[in-house]
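The block underneath contains the structure these notes are about, expressed in structure tokens.
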Amino acid sequence: MNFVTPQKVDRNILDAVESSLTASALDDLLESSLSHLLDSNHVKSAEIQLFNRRKKLIPVASGRQVASNGKVTHEVMAQSWLLDSAVEHTRRRTGYADVSPVFAIPLMDSGGLLGFLNIRLDQLRAVEKNELSNFYLLGVQIAHKIKEIRLTHEIDELKDRLQRVTLNNREIQHQVTSLSKELYAISAISTNINQYMDFDKSLRKAMATTRKFYGAAVILVYIRTGATSTPQLAAIDCEEVTAESSLFRKIEKKYLKQVFTGGKPFVKDYQPANRETGSAGTDGGRLNTIVGVPLKSNDNIIGAMILLHESMEPFSQAGLRLLSGLANIMAMGIDNMNLFQQSEQKKSEAEFLVRSIARFNESLDLKKTLKAVTKKGIEFVGPDCRVLLFSETQVPMIKAEYVNRSGKNFIESRSYKKISSNEMGHIYDLMKSQKRPVLVKSIGRSKRFDRNVKLDFLKMNIHSLIGVPLQIREKILGLLVLIHGTDNRPFNNQDLSFAEALGNAASLSIENARAHTASLEMSEFLEKKISEKTNQIQQIQQRQKIRVENRKDIIFRVNLRYRFVFVNKAMEILTGCSREALYQGEIRAEDVVAPEDRKRVKECFKMVLNGGLPMVKGFDYRHLNQRGEDHLISLT
């Protein structure tokens, strides 16, 4: 954009205004504005201060005239990054007292005070009113441009946040879909693993073969199903019952613990307590060696095998290594069988999880999904039960139970806008405080609760219960409670396992619903913010357009073909031509230049377009109007 103004007006202020219109970065705006301002007569130095987010006034740009080798140059520095810096910086210097006048021009916009433009003159003198008006005009333009740049940056940031939220929402949906596929795959694989395995038969055959190979009298196999459970005698193999139960008890007391704690095979000499009448082995031999090896699967000790050896030959290391290998094969078989049994139990749980997640993904209706979860719980545990699901969402409580109407029993699941009674609130607070799954088989015999709590539960017809906290990544989302109203069938570990599966389904649904709702709310918020900021920028641009239109200075824009593409009202008045005539007619830019100056103007334009001149300042020529009158003007 080019400015045309009479010579009496300070062109440097107009240069500063012109440069601010095209600035897209805050540092560029500050630096170009101060550079042009220093070209003005009597301006010695200038500084721009802006308020940061903590309402502190920060000097972000400064400029001064520096004399060096008889020449005067400008030293301008802009550092807008100081506004966002957590560390306070200063560029102020201590100097001698200066009595030159300083003008503080407020930088105002519709939202309030942004900062100050401080201008220091080189001498004490009477300042002209027109000079102050120019300074104020520059301050207004700088303030509006700062506001526009900030709003543009805010819109860019909001767009980035909206894009991240959208991508995050897509990622959540993708993860849910992937989880569903994985659960289906696990169910399919679990159905086929070891489904034809006859574990008892395989174990007995392996023990019989091992005993005969080593010539042992008895082989005992102990198994534990959990890391802390007591090992239980699972199988015995011998030709005839030659060992007494007292011997087994001694083995369990003395040697079994050594296998589980040490985790290594051992060979011990054994002498019966009654040596002369000790237990007879096969063919009358005495049992003089006890060999123990752990049953390991994936480095976990799941059991132990004890071999009572009657040979008088020492038990060799090669034989011990072979026995350890056989024990590990047995352990793998035991582990596989346990996994198969667990997979059968988990199969229905996994299928339910998949159905629940799929149902939520189809409808995105949290209330319907949670009702389905509670109904499934009632179907599994039976008609004498109630299922309560508490969630810290827009669905605070759901209750499912069997009801009888018109002689027919059916499951009813209802949602509540708040916890329906003080008793329910008491259950929720008590069970949530446990912070882990809880199984209470009998309220009356439980040591977990004191006497008053037990009486409260029994008054509410609660004889057995399960509480499962709903959580994702240690974040508590709610609580699932299964209640038995009779002593006929207390809850067991299988019920607890299923309740945990129900809790997982509810947790996933709640978390997905929260993420989906948050994503929608954030999208709406960001779209609203973008619309508001866009409207503000349009208003600023409209106000700038009006100011340019109403300026007494002549402003026009010419394209590469020397055609007018923009003129303001002052240009119309000066030339005596309407905008339509200047835009669409046959009038070219050189047509409004006096013939004797046209060649000089064209050459000047070409030098600018070819890069020969960075810009034109104070270029004088005579301008023609429609009546053929000329006016001497200065072009920038």
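Residue names in the structure tokens use chain letters A, B, ... in the order shown, residue numbers from 1 in each chain, and ligand numbers from 1 in the order shown.
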
- Message: If you run DSSP on the backbone here, which positions in region 33-114 of chain A get strand (DSSP E or B)? Please write them as a ChimeraX atom specification.
- Response: /A:43-51,57-68,71-78,102-109,112-114

For N, CA and C atoms, I'd like the residues from the last selection saved as a compact mmCIF listing (two decimals), in the first residue's frame.
```txt
# COMPACT_ATOMS: atom_id res chain seq x y z
N VAL A 43 13.06 13.91 17.40
CA VAL A 43 12.88 12.70 18.21
C VAL A 43 14.26 12.12 18.50
N LYS A 44 14.61 12.09 19.78
CA LYS A 44 15.93 11.61 20.20
C LYS A 44 15.92 10.11 20.49
N SER A 45 14.90 9.63 21.16
CA SER A 45 14.77 8.21 21.49
C SER A 45 13.30 7.88 21.72
N ALA A 46 13.00 6.60 21.69
CA ALA A 46 11.61 6.15 21.91
C ALA A 46 11.65 4.77 22.54
N GLU A 47 10.58 4.46 23.26
CA GLU A 47 10.48 3.16 23.94
C GLU A 47 9.02 2.73 23.97
N ILE A 48 8.80 1.43 23.82
CA ILE A 48 7.44 0.87 23.92
C ILE A 48 7.40 -0.08 25.11
N GLN A 49 6.44 0.15 26.00
CA GLN A 49 6.23 -0.71 27.17
C GLN A 49 4.84 -1.33 27.07
N LEU A 50 4.76 -2.64 27.34
CA LEU A 50 3.49 -3.35 27.30
C LEU A 50 3.26 -4.09 28.61
N PHE A 51 1.98 -4.24 28.96
CA PHE A 51 1.62 -5.02 30.15
C PHE A 51 1.67 -6.51 29.82
N LEU A 57 4.32 -3.84 33.80
CA LEU A 57 4.72 -3.08 32.61
C LEU A 57 6.14 -3.48 32.22
N ILE A 58 6.31 -4.03 31.03
CA ILE A 58 7.59 -4.57 30.58
C ILE A 58 8.06 -3.77 29.37
N PRO A 59 9.29 -3.22 29.38
CA PRO A 59 9.84 -2.57 28.18
C PRO A 59 10.21 -3.63 27.14
N VAL A 60 9.55 -3.62 26.01
CA VAL A 60 9.75 -4.65 24.99
C VAL A 60 10.47 -4.13 23.75
N ALA A 61 10.60 -2.81 23.60
CA ALA A 61 11.29 -2.28 22.42
C ALA A 61 11.82 -0.88 22.76
N SER A 62 12.98 -0.56 22.21
CA SER A 62 13.57 0.75 22.43
C SER A 62 14.39 1.14 21.22
N GLY A 63 14.53 2.43 21.00
CA GLY A 63 15.33 2.93 19.89
C GLY A 63 15.90 4.29 20.23
N ARG A 64 17.06 4.57 19.70
CA ARG A 64 17.69 5.86 19.96
C ARG A 64 18.59 6.23 18.78
N GLN A 65 18.92 7.51 18.70
CA GLN A 65 19.84 7.99 17.69
C GLN A 65 21.26 7.95 18.25
N VAL A 66 22.19 7.37 17.48
CA VAL A 66 23.57 7.21 17.91
C VAL A 66 24.47 7.92 16.91
N ALA A 67 25.33 8.80 17.41
CA ALA A 67 26.28 9.54 16.56
C ALA A 67 27.61 8.80 16.52
N SER A 68 28.08 8.51 15.32
CA SER A 68 29.35 7.78 15.15
C SER A 68 30.01 8.26 13.88
N LYS A 71 28.27 10.69 11.68
CA LYS A 71 27.00 10.27 11.12
C LYS A 71 26.05 9.87 12.24
N VAL A 72 24.78 10.07 12.00
CA VAL A 72 23.75 9.70 12.99
C VAL A 72 23.02 8.46 12.48
N THR A 73 23.06 7.42 13.26
CA THR A 73 22.37 6.16 12.91
C THR A 73 21.36 5.81 14.00
N HIS A 74 20.53 4.86 13.66
CA HIS A 74 19.48 4.41 14.59
C HIS A 74 19.88 3.08 15.23
N GLU A 75 19.68 2.99 16.51
CA GLU A 75 19.88 1.71 17.23
C GLU A 75 18.53 1.28 17.79
N VAL A 76 17.92 0.24 17.19
CA VAL A 76 16.57 -0.21 17.57
C VAL A 76 16.65 -1.66 18.00
N MET A 77 15.99 -1.98 19.10
CA MET A 77 15.96 -3.35 19.60
C MET A 77 14.53 -3.68 20.05
N ALA A 78 14.01 -4.84 19.58
CA ALA A 78 12.67 -5.31 19.97
C ALA A 78 12.80 -6.70 20.56
N VAL A 102 9.74 14.37 27.53
CA VAL A 102 9.31 13.00 27.21
C VAL A 102 7.79 12.99 27.16
N PHE A 103 7.24 12.38 26.10
CA PHE A 103 5.80 12.24 25.96
C PHE A 103 5.43 10.76 26.08
N ALA A 104 4.50 10.47 26.99
CA ALA A 104 4.01 9.09 27.17
C ALA A 104 2.67 8.97 26.46
N ILE A 105 2.67 8.25 25.36
CA ILE A 105 1.44 8.08 24.57
C ILE A 105 0.79 6.76 24.98
N PRO A 106 -0.43 6.77 25.52
CA PRO A 106 -1.08 5.51 25.92
C PRO A 106 -1.45 4.68 24.69
N LEU A 107 -1.20 3.39 24.80
CA LEU A 107 -1.59 2.44 23.75
C LEU A 107 -2.91 1.81 24.17
N MET A 108 -4.00 2.30 23.59
CA MET A 108 -5.34 1.89 24.01
C MET A 108 -6.03 1.12 22.89
N ASP A 109 -6.87 0.18 23.31
CA ASP A 109 -7.81 -0.45 22.38
C ASP A 109 -9.13 -0.60 23.11
N GLY A 112 -8.99 -1.92 26.72
CA GLY A 112 -8.33 -1.18 27.78
C GLY A 112 -6.93 -0.79 27.40
N LEU A 113 -6.11 -0.49 28.42
CA LEU A 113 -4.75 -0.01 28.22
C LEU A 113 -3.80 -1.17 27.99
N LEU A 114 -3.06 -1.14 26.86
CA LEU A 114 -2.08 -2.18 26.55
C LEU A 114 -0.68 -1.81 27.03
```

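The list of residues with at least one atom within 10 Å of region 556-560 of chain A, based on only C-alpha atoms and without residues fewer than 3 positions apart in the same chain, reads A:Met1, A:Asn2, A:Phe3, A:Val4, A:Asp553, A:Arg563, A:Phe564, A:Val565, A:Phe566, A:Val567, A:Asn568, A:Lys569, A:Ala570, A:Met571, A:Glu572, A:Tyr583, A:Arg588, A:Ala589, A:Phe605, A:Lys606, A:Leu609.
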
- Query: Can you tell me, as a PyMOL selection string, what residues are no more than 9 Å from Leu326 (chain A) when counting only C-alpha atoms, ignoring any on the same chain fewer than 3 positions away?
  - Reply: chain A and resi 206+210+295+321-323+329-331

- Would you return as an NGL selection string the members of region 27-154 of chain A that DSSP assigns to helix (DSSP H, G or I) on this structure's backbone? :A and (27-38 or 80-84 or 129-154)

- Query: What gap, in Å, lies between CA of Ser634 (chain A) and CA of Arg622 (chain A)?
  - Reply: 8.7 Å

- Message: I'd like the neighbourhood of Tyr136 (chain A) as a list in words, where a residue qualifies if any of its atoms comes within 12 Å (using only C-alpha atoms), though same-chain residues fewer than 3 positions away should be ignored.
- Response: Ile13, Val17, Phe103, Ala104, Ile105, Pro106, Leu107, Met108, Phe116, Leu117, Asn118, Ile119, Lys129, Asn130, Glu131, Leu132, Ser133, Gly139, Val140, Gln141, Ile142 and Ala143 of chain A

Could the residues in this selection be saved with C-alpha atoms as a tab-separated table (two decimals), in the first residue's frame?
```tsv
chain	number	residue	atom	x	y	z
A	13	ILE	CA	4.74	9.15	11.03
A	17	VAL	CA	1.59	3.73	10.12
A	103	PHE	CA	5.80	12.24	25.96
A	104	ALA	CA	4.01	9.09	27.17
A	105	ILE	CA	1.44	8.08	24.57
A	106	PRO	CA	-1.08	5.51	25.92
A	107	LEU	CA	-1.59	2.44	23.75
A	108	MET	CA	-5.34	1.89	24.01
A	116	PHE	CA	2.77	3.15	26.58
A	117	LEU	CA	4.80	4.66	23.74
A	118	ASN	CA	7.40	6.93	25.36
A	119	ILE	CA	8.97	9.54	23.01
A	129	LYS	CA	-0.41	20.51	18.32
A	130	ASN	CA	-0.07	18.78	14.94
A	131	GLU	CA	3.06	16.99	16.20
A	132	LEU	CA	1.24	15.62	19.26
A	133	SER	CA	-1.65	14.49	17.02
A	139	GLY	CA	0.02	5.13	19.17
A	140	VAL	CA	-3.55	4.27	18.16
A	141	GLN	CA	-2.35	2.39	15.08
A	142	ILE	CA	0.30	0.47	17.06
A	143	ALA	CA	-2.26	-0.49	19.74
```

- Report the distance between CA of Leu502 (chain A) and CA of Gly467 (chain A) in Å, rounded to one decimal place. 11.2 Å
